[in-house]
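**Q** Here you go, one structure.
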Amino acid sequence: MKRRELLAAASMPVLAGCSGIFADSPSDEYPEITAADSGPPYYTKVNLSAPETVEAGQEFNLTLSVANTGGRTGNFTSSMYVGENISLLTGTARVDTVKPGTLKSVKLGPEQINRSEEITVKIPDHGTTTTVEIVPARPNWGDSYTLDGFEVQVTDISFQPSFTYLTDNGDRGLFAAESGSTLVFCTLSVRATEPTDSEFPSGSEFHLTGATHDSARLNQASDFQSDYAPDDVTLYSGGGDAAPGASRTGTLIFQMPADIEEPAIAWNHSITDRPEVVWQFDEEVRNRAQNAPDFELVSLDLPEEVPILSDKSVSARVRNTGAESATFHGFVQRRNAGDSNWKRVAEIEQTIEANSSASIDFTINEPYLGPSEYRLFPFSQATTVDFGPAQQGMGIPFTTPSGVEYRVSRLRFNHYFEYEAGYDSTEQVIAKSTNTFAIAYVSVENTDSESIVGPDGFSAIVDGDEYPAYDLGYSSRTLVEPVTGKSYEGGSIFGDESTARGWIAFEIPDDYESVSIQADLSNRGEMVVEWTGDQ
């Protein structure tokens with residue numbers, strides 16, 4: 001702002017945020033003062049007075065009274081000090097043309113102090129002192145206030161329990177208010193009104209305050225602004241030259257405890273501990289704050305068991321306990337049982353009406369066997385799902401995530417099987433007296449060049465018990481009874497669109513009730529498929 005210069009030496013300390021001229025203005029004269037018949041001016045009854053309180057940034061005047069008991073008219077001048085220590089400002093108080101036998105009062109100023117503190121004004125040579133309490137300005141909610149050359153306004157307040165953001169590495173993040181709190185979003189608008197050497201106010205100068213709490217802005221730190229920038233929100237950013245008419249607008253975010261009393265947005269523009277401007281929430285905003293949206297998890301309905309590599313539709317139910325509709329932001333997260341790190345499965349963004357609940361639907365699908373825990377973050381409740389073998393009907397192909405298609409079909413049973421032994425001879429393999437052979441045809445379409453599962457990766461599941469493939473040796477055999485064709489080899493690395501086909505036999509009890517063929521496609525017991533039924 002264009003500051004009026006104090007009548008002080010250039011080398012004197014300057015009081016930041018204070019301006020004015022210690023000079024006189026039209027006054028009243030009182031002839032009752034007893035004066036000497038002759039001699040120089042002599043000044044007595046030197047007295048300073050000021051308003052008890054003044055809002056930060058508002059102009060005010062001091063009143064200086066001086067009596068001349070000397071014999072001639074004179075001009076009163078004396079050093080005057082405003083503040084103390086590092087904030088000390090020295091100037092000259094002046095009262096012109098004080099006639100003998102008169103008391104003259106003048107106004108000094110106008111003064112303007114842009115910080116909240118108690119200011120002491122002294123004329124030590126005459127032992128006079130007065131104090132002014134600079135208090136925070138309290139404009140109505142939504143009104144602008146001008147301080148130190150900046151017109152500032154806080155508007156467009158809203159409340160949310162959480163928000164999503166994009167991190168520096170391009171990942172998605174979710175920031176949720178602590179339990180018993182909500183997030184306050186408001187728009188800060190700042191306009192430079194006159195020439196100033198100051199930069200635009202920093203966002204860290206603003207905080208949410210109340211009778212019971214004082215909360216710094218969530219995004220006051222530079223790392224927060226880069227790591228926690230909410231989607232579709234431009235955070236307020238200060239600094240930079242403030243030419244007249246230039247402006248800045250952006251969002252401030254605070255975390256507000258639910259039990260806060262007399263909430264307000266405060267601007268602490270100076271180095272003191274007290275703010276200069278306080279925008280108290282009006283009744284409407286206070287009511288909204290007391291009934292701000294908040295979400296609770298009603299239920300998380302997940303089945304106990306799910307086959308791997310199959311989409312399973314599941315749901316959670318979330319309730320909005322607030323009096324305003326709001327968008328629920330959440331992440332479906334999973335982790336292997338016993339792990340500490342959660343991984344995101346899905347992002348949820350769904351509007352839920354006030355005092356209502358809604359179903360949050362999502363899909364789970366895991367490629368490997370074993371238990372996994374799921375939760376709907378930011379809620380902490382977790383549910384365990386046991387992922388078992390993928391279930392396929394006999395003759396129905398199963399495709400791995402890498403694109404290899406396995407199919408088991410043509411399951412049949414016989415007490416023996418026969419294969420070519422060479423030199424126009426055959427060899428017969430007969431099951432034990434209480435057993436029989438389950439014989440199935442395996443075909444593999446390898447579309448992605450990888451090693452495929454050999455015969456030892458297959459087994460027969462008979463009434464819950466597992467039986468390995470019958471070992472036909474290292475080379476392929478040609479079966480002639482009760483089926484015809486090559487035995488299944490697998491295990492080799494094939495090029496794109498290569499195939500492997502053949503028969504596998506399993507010796508199993510002949511009093512079976514149910515038989516299925518199972519394959520461990522990972523060779524580690526992690527990706528297991530089970531073919532069941534007749535074909």
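Chains: A, B, ... in order of the structure tokens. Residues: from 1 per chain. Ligands: from 1, in order shown.
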Using only C-alpha atoms, what does the table of range 294-372 of chain A residues within 9 Å of range 164-174 of chain A look like, with each row giving the shortest atom pair and its distance in Å to one decimal, sorted by chain and ascending number, as CSV?

**A**
residue,atom,partner,partner_atom,distance
A:His329,CA,A:Thr164,CA,6.8
A:Gly330,CA,A:Leu174,CA,7.2
A:Phe331,CA,A:Leu174,CA,7.7
A:Glu347,CA,A:Arg172,CA,8.7

**Q** Fewer than 3 positions away in the same chain doesn't count, so skip those; otherwise give me all residues within 12 Å of Phe185 in chain A, counting only C-alpha atoms, as a tab-separated table (two decimals) with N, CA, C and O atoms, in the first residue's frame.

**A**
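That gives us result-v6.tsv:
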chain	number	residue	atom	x	y	z
A	154	VAL	N	-13.57	-14.99	1.84
A	154	VAL	CA	-13.71	-16.44	1.98
A	154	VAL	C	-15.17	-16.80	1.70
A	154	VAL	O	-16.07	-16.28	2.36
A	155	THR	N	-15.39	-17.68	0.72
A	155	THR	CA	-16.77	-18.02	0.30
A	155	THR	C	-16.86	-19.50	-0.04
A	155	THR	O	-15.90	-20.26	0.08
A	156	ASP	N	-18.05	-19.89	-0.49
A	156	ASP	CA	-18.30	-21.22	-1.09
A	156	ASP	C	-17.83	-22.35	-0.19
A	156	ASP	O	-17.03	-23.20	-0.60
A	157	ILE	N	-18.34	-22.39	1.01
A	157	ILE	CA	-17.89	-23.42	1.95
A	157	ILE	C	-18.68	-24.71	1.72
A	157	ILE	O	-19.86	-24.70	1.38
A	158	SER	N	-17.99	-25.85	1.85
A	158	SER	CA	-18.62	-27.15	1.74
A	158	SER	C	-17.91	-28.12	2.66
A	158	SER	O	-16.81	-27.85	3.14
A	159	PHE	N	-18.56	-29.26	2.89
A	159	PHE	CA	-18.05	-30.23	3.85
A	159	PHE	C	-18.04	-31.61	3.21
A	159	PHE	O	-19.01	-32.01	2.58
A	160	GLN	N	-16.92	-32.33	3.38
A	160	GLN	CA	-16.79	-33.67	2.83
A	160	GLN	C	-15.94	-34.50	3.79
A	160	GLN	O	-14.99	-33.99	4.39
A	161	PRO	N	-16.25	-35.79	3.94
A	161	PRO	CA	-15.42	-36.64	4.80
A	161	PRO	C	-14.09	-37.03	4.16
A	161	PRO	O	-13.16	-37.40	4.86
A	162	SER	N	-13.99	-36.96	2.82
A	162	SER	CA	-12.77	-37.43	2.15
A	162	SER	C	-12.71	-36.88	0.74
A	162	SER	O	-13.68	-36.31	0.24
A	163	PHE	N	-11.55	-37.08	0.09
A	163	PHE	CA	-11.43	-36.72	-1.32
A	163	PHE	C	-10.35	-37.59	-1.95
A	163	PHE	O	-9.48	-38.14	-1.25
A	182	THR	N	-14.41	-33.68	10.04
A	182	THR	CA	-14.80	-33.59	8.64
A	182	THR	C	-13.85	-32.62	7.95
A	182	THR	O	-13.11	-31.89	8.60
A	188	LEU	N	-10.86	-19.09	-1.35
A	188	LEU	CA	-10.18	-17.87	-0.92
A	188	LEU	C	-9.90	-17.01	-2.15
A	188	LEU	O	-9.28	-17.47	-3.11
A	207	HIS	N	-6.12	-20.33	8.75
A	207	HIS	CA	-6.38	-21.54	9.53
A	207	HIS	C	-7.82	-21.53	10.02
A	207	HIS	O	-8.50	-20.48	10.04
A	208	LEU	N	-8.29	-22.71	10.37
A	208	LEU	CA	-9.62	-22.84	10.94
A	208	LEU	C	-9.48	-22.79	12.45
A	208	LEU	O	-8.65	-23.48	13.04
A	217	ARG	N	-4.23	-25.37	8.04
A	217	ARG	CA	-4.70	-25.87	6.75
A	217	ARG	C	-4.04	-27.19	6.44
A	217	ARG	O	-2.86	-27.39	6.68
A	218	LEU	N	-4.81	-28.11	5.87
A	218	LEU	CA	-4.24	-29.38	5.47
A	218	LEU	C	-3.21	-29.20	4.37
A	218	LEU	O	-2.23	-29.93	4.30
A	219	ASN	N	-3.44	-28.24	3.51
A	219	ASN	CA	-2.55	-28.10	2.36
A	219	ASN	C	-1.59	-26.92	2.51
A	219	ASN	O	-1.22	-26.28	1.56
A	230	PRO	N	-6.71	-32.29	-4.46
A	230	PRO	CA	-7.96	-33.00	-4.77
A	230	PRO	C	-8.32	-32.90	-6.24
A	230	PRO	O	-7.98	-31.93	-6.92
A	233	VAL	N	-9.99	-29.63	-8.20
A	233	VAL	CA	-9.88	-28.52	-7.26
A	233	VAL	C	-8.53	-27.86	-7.47
A	233	VAL	O	-7.50	-28.53	-7.55
A	234	THR	N	-8.53	-26.52	-7.57
A	234	THR	CA	-7.29	-25.76	-7.64
A	234	THR	C	-7.00	-25.19	-6.26
A	234	THR	O	-7.76	-24.36	-5.75
A	235	LEU	N	-5.93	-25.65	-5.64
A	235	LEU	CA	-5.58	-25.15	-4.32
A	235	LEU	C	-5.08	-23.72	-4.42
A	235	LEU	O	-4.43	-23.33	-5.38
A	236	TYR	N	-5.37	-22.94	-3.37
A	236	TYR	CA	-4.87	-21.56	-3.34
A	236	TYR	C	-3.35	-21.57	-3.21
A	236	TYR	O	-2.77	-22.33	-2.44
A	250	GLY	N	-8.34	-19.64	-5.08
A	250	GLY	CA	-8.09	-21.07	-4.94
A	250	GLY	C	-8.80	-21.62	-3.72
A	250	GLY	O	-9.46	-20.90	-2.97
A	251	THR	N	-8.65	-22.91	-3.54
A	251	THR	CA	-9.35	-23.61	-2.46
A	251	THR	C	-8.44	-23.82	-1.26
A	251	THR	O	-7.27	-24.17	-1.42
A	252	LEU	N	-9.00	-23.60	-0.08
A	252	LEU	CA	-8.36	-23.96	1.18
A	252	LEU	C	-9.08	-25.18	1.75
A	252	LEU	O	-10.29	-25.31	1.61
A	253	ILE	N	-8.33	-26.06	2.40
A	253	ILE	CA	-8.92	-27.25	3.00
A	253	ILE	C	-8.48	-27.32	4.46
A	253	ILE	O	-7.30	-27.16	4.76
A	254	PHE	N	-9.44	-27.56	5.34
A	254	PHE	CA	-9.15	-27.71	6.75
A	254	PHE	C	-9.77	-29.01	7.26
A	254	PHE	O	-10.74	-29.50	6.69
A	255	GLN	N	-9.23	-29.52	8.34
A	255	GLN	CA	-9.85	-30.65	9.03
A	255	GLN	C	-10.51	-30.11	10.29
A	255	GLN	O	-9.83	-29.55	11.16
A	256	MET	N	-11.82	-30.27	10.38
A	256	MET	CA	-12.58	-29.65	11.47
A	256	MET	C	-13.13	-30.70	12.42
A	256	MET	O	-13.90	-31.57	12.02
A	265	ILE	N	-12.89	-18.99	10.07
A	265	ILE	CA	-11.68	-18.98	9.27
A	265	ILE	C	-10.90	-17.72	9.66
A	265	ILE	O	-11.44	-16.62	9.61
A	289	ALA	N	-22.29	-27.28	9.30
A	289	ALA	CA	-21.11	-27.92	9.87
A	289	ALA	C	-21.50	-28.97	10.90
A	289	ALA	O	-20.90	-30.05	10.97
A	292	ALA	N	-22.74	-32.05	9.01
A	292	ALA	CA	-21.94	-32.31	7.82
A	292	ALA	C	-22.05	-33.76	7.40
A	292	ALA	O	-22.26	-34.65	8.24

**Q** Per residue of range 227-333 of chain A within 12 Å of range 400-424 of chain A, record the nearest atom pair and its distance in Å to one decimal, counting only C-alpha atoms, with rows in chain order and ascending residue number, as JSON lines.

**A**
{"residue": "A:Ile308", "atom": "CA", "partner": "A:Thr400", "partner_atom": "CA", "distance": 10.7}
{"residue": "A:Leu309", "atom": "CA", "partner": "A:Thr400", "partner_atom": "CA", "distance": 8.4}
{"residue": "A:Ser310", "atom": "CA", "partner": "A:Thr400", "partner_atom": "CA", "distance": 11.3}
